[in-house]
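Below you'll find the structure, written out as structure tokens, and then a few comments.
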Amino acid sequence: MLTVFDKPNSRANCSKSMSRRKLIQAAGAGMLGVNLPEVLQAESLTLPNAPRPRAKNVIFMHLFGGPSQLETFDLKPNAPVEIRGPFKPTACKTPGLLIGEYLPGVASISDKLSVVKTMTHSFNDHSGGGHYVQTGHRWHINIGGGFNVTANDWPAMGSVTKYFDVQADRISDAPTYVVLPNALGSFQEKGGIFRPGETAGWLGGGYEPLVTSIKKKSVEDNPYWRDCDDEELDFSINGLKPHPGMTINRYAKRSSLLDQINQQQVALGELSRTRTFNKYRQRALELVLSSKAREAFDVTKEPDSIRDTYGRHLYGQSSLVARRLIEAGSRFVTVQYDCVDGYSWDSHRNSDDVKKYLLPTFDQAFTALVTDLEDRGLLDETLIVAMGEMGRTPKANASWGRNHWSTLFPAVLVGGGIKKGFIYGSTDKDAAYATEHPVSPEDMAATIFTALGINPDWQIPDAAGRPHLLSTGSAVMELFA
């Protein structure tokens with residue numbers, strides 16, 4: 001975290017003369033994902049045919065690796081023993097919904113949720129599947145052809161939300177799109193993997209998420225599965241890790257520097273660009289100068305009782321920061337549950353970790369988030385979506401491990417105008433295929449956009465100005481109350 005105060009009598013010493021080249025360098029360096037083209041070219045538009053927004057914000061809880069449908073929201077207790085698995089259903093408040101016994105908290109609030117049992121796609125791969133569910137578009141890399149982010153990836157739903165907020169002149173003190181607690185993949189084993197799906201892709205750097213960074217204690221350490229101390233939970237901003245001695249006051253002095261940049265632009269006669277720069281420069285300083293935004297990342301401000309309810313593990317505390325960001329004004333927050341050990345939700349080997357760690361930590365964090373938002377009067381305006389990028393094979397191995405199965409997997413939605421106690425879609429006797437109402441990632445993205453008041457038929461431009469249809473899917477209107 002940044003030091004809040006510097007020496008009280010220290011002063012910035014900035015040159016009164018600044019060349020245009022230095023201006024470009026300063027803005028081109030970017031702060032918090034905001035670059036000069038965005039600052040200088042953003043225009044306010046009246047967007048036609050906007051759907052009625054049901055939600056103001058989205059929290060996207062991405063369970064990367066592929067949770068099993070047969071251990072979560074589509075148990076088949078009457079299936080053959082090699083399919084139904086070792087977990088039993090638990091009583092819940094939604095007739096006809098069979099929830100696994102290691103999700104007791106979710107079961108206790110199921111009357112607030114909609115469960116889509118029939119998510120499906122054919123990209124049976126983690127990186128491509130993760131890209132698919134976070135963007136609503138198939139990855140351009142073939143299955144098995146790559147693992148990492150590319151410049152040609154489709155923009156994430158959060159980046160698209162930020163793009164339309166800029167067009168509609170929606171500016172707040174909080175970052176529009178945030179990824180917690182780390183860039184997806186950076187936790188995996190020794191790091192160096194940066195999975196696609198959460199970035200702005202070809203939409204451009206001005207629409208990248210603000211990504212936080214949490215460090216592991218060792219290669220083998222998994223902070224999702226243990227209590228974390230406050231020193232670990234600094235949620236520092238990826239790419240804005242301050243050098244020793246860098247303080248909030250010193251960042252504030254850079255705001256004074258920007259004032260002088262403006263003066264120089266006026267002298268150069270660039271009045272129209274100056275006006276736009278004035279309008280959006282706070283966006284570049286949104287985190288470091290806004291106490292509201294800064295404090296949203298400081299989970300230690302929460303009472304111990306609230307923190308305990310979410311769980312002191314990394315997923316619980318990240319979910320709590322997501323709530324704090326929504327309160328501060330963020331519009332789209334993705335909370336990644338990464339595969340730190342290379343398996344986790346990708347439960348090929350067995351279901352031991354699913355039982356002992358994965359389901360309990362998700363259950364605690366998700367239940368606390370829903371309840372907390374409702375208690376604060378924020379659930380009606382906040383859409384929570386929890387899902388993985390695939391499911392698991394119906395037939396398990398001898399130790400109850402299951403392989404990749406993107407043909408069928410569940411998604412859970414709550415708040416933001418979503419029906420309560422609702423099940424969408426039907427599956428066959430083995431939880432292998434949808435028998436009614438299959439839902440593609442395109443459809444889910446269109447549903448999320450529609451909830452936010454973004455028309456899936458709108459177009460967005462790439463860096464060359466070529467228009468692209470936002471979504472080829474159809475919103476699942478039956479999910480809305």
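Please note that chains go A, B, ... in the order of the structure tokens, that every chain numbers its residues from 1, and that ligands are numbered from 1 in the order shown.
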Counting only C-alpha atoms, what is within 10 Å of segment 469-480 of chain A, bar same-chain residues fewer than 5 positions away, as a PyMOL selection string? chain A and resi 54+114-116+135-137+154-155+157+160+413-420+422-424+437+439-451+454-461
Mind checking DSSP for segment 205-241 of chain A and telling me the strand (DSSP E or B) residues as a list in words? Leu210, Val211, Thr212, Ser213, Ser236 and Ile237 of chain A
Selected residue, from A:Ala396, A:Ala174, A:Ala79, A:Leu70, that lies nearest to Leu98 of chain A when counting only C-alpha atoms: A:Leu70
For Val385 of chain A, work out the shell of residues within 9 Å, counting only C-alpha atoms and skipping chain neighbours fewer than 4 positions away, then give it as a PyMOL selection string. chain A and resi 58-62+411-414+448
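Using only C-alpha atoms, the contacts of segment 212-226 of chain A at a cut-off of 6 Å, with sequence neighbours closer than 3 positions omitted, comprise Leu180, Pro181, Asn182, Glu189, Lys190, Phe235, Ser236, Ile237, Asn238, His313, Leu314, Tyr315 and Tyr357 of chain A.
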Distance in Å - atom CA of Phe362 of chain A versus atom CA of His348 of chain A: 19.2 Å
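Using only C-alpha atoms, the protein and nucleic acid residues lying no more than 9 Å from segment 324-332 of chain A, apart from those fewer than 4 places from it along its own chain, are Lys56, Asn57, Val58, Ile59, Phe60, Met157, Gly158, Ser159, Thr161, Lys162, Ser172, Asp173, Ala174, Pro175, Thr176, Tyr177, Val178, Val179, Lys292, Ala293, Glu295, Ala296, Phe297, Asp298, Val299, Ser319, Leu320, Leu378 and Thr382 of chain A.
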So that I can see what lies close to segment 121-134 of chain A, please list as a PyMOL selection string the residues with an atom at most 10 Å from it, counting only C-alpha atoms and leaving out residues fewer than 5 positions away in the same chain. chain A and resi 60+62-66+139-149+153-158+184-185+194-199+334+346+387-391+404-409+438-445
One decimal, in Å: what's the spacing between atom CA of Val106 of chain A and atom CA of Thr371 of chain A? 10.4 Å
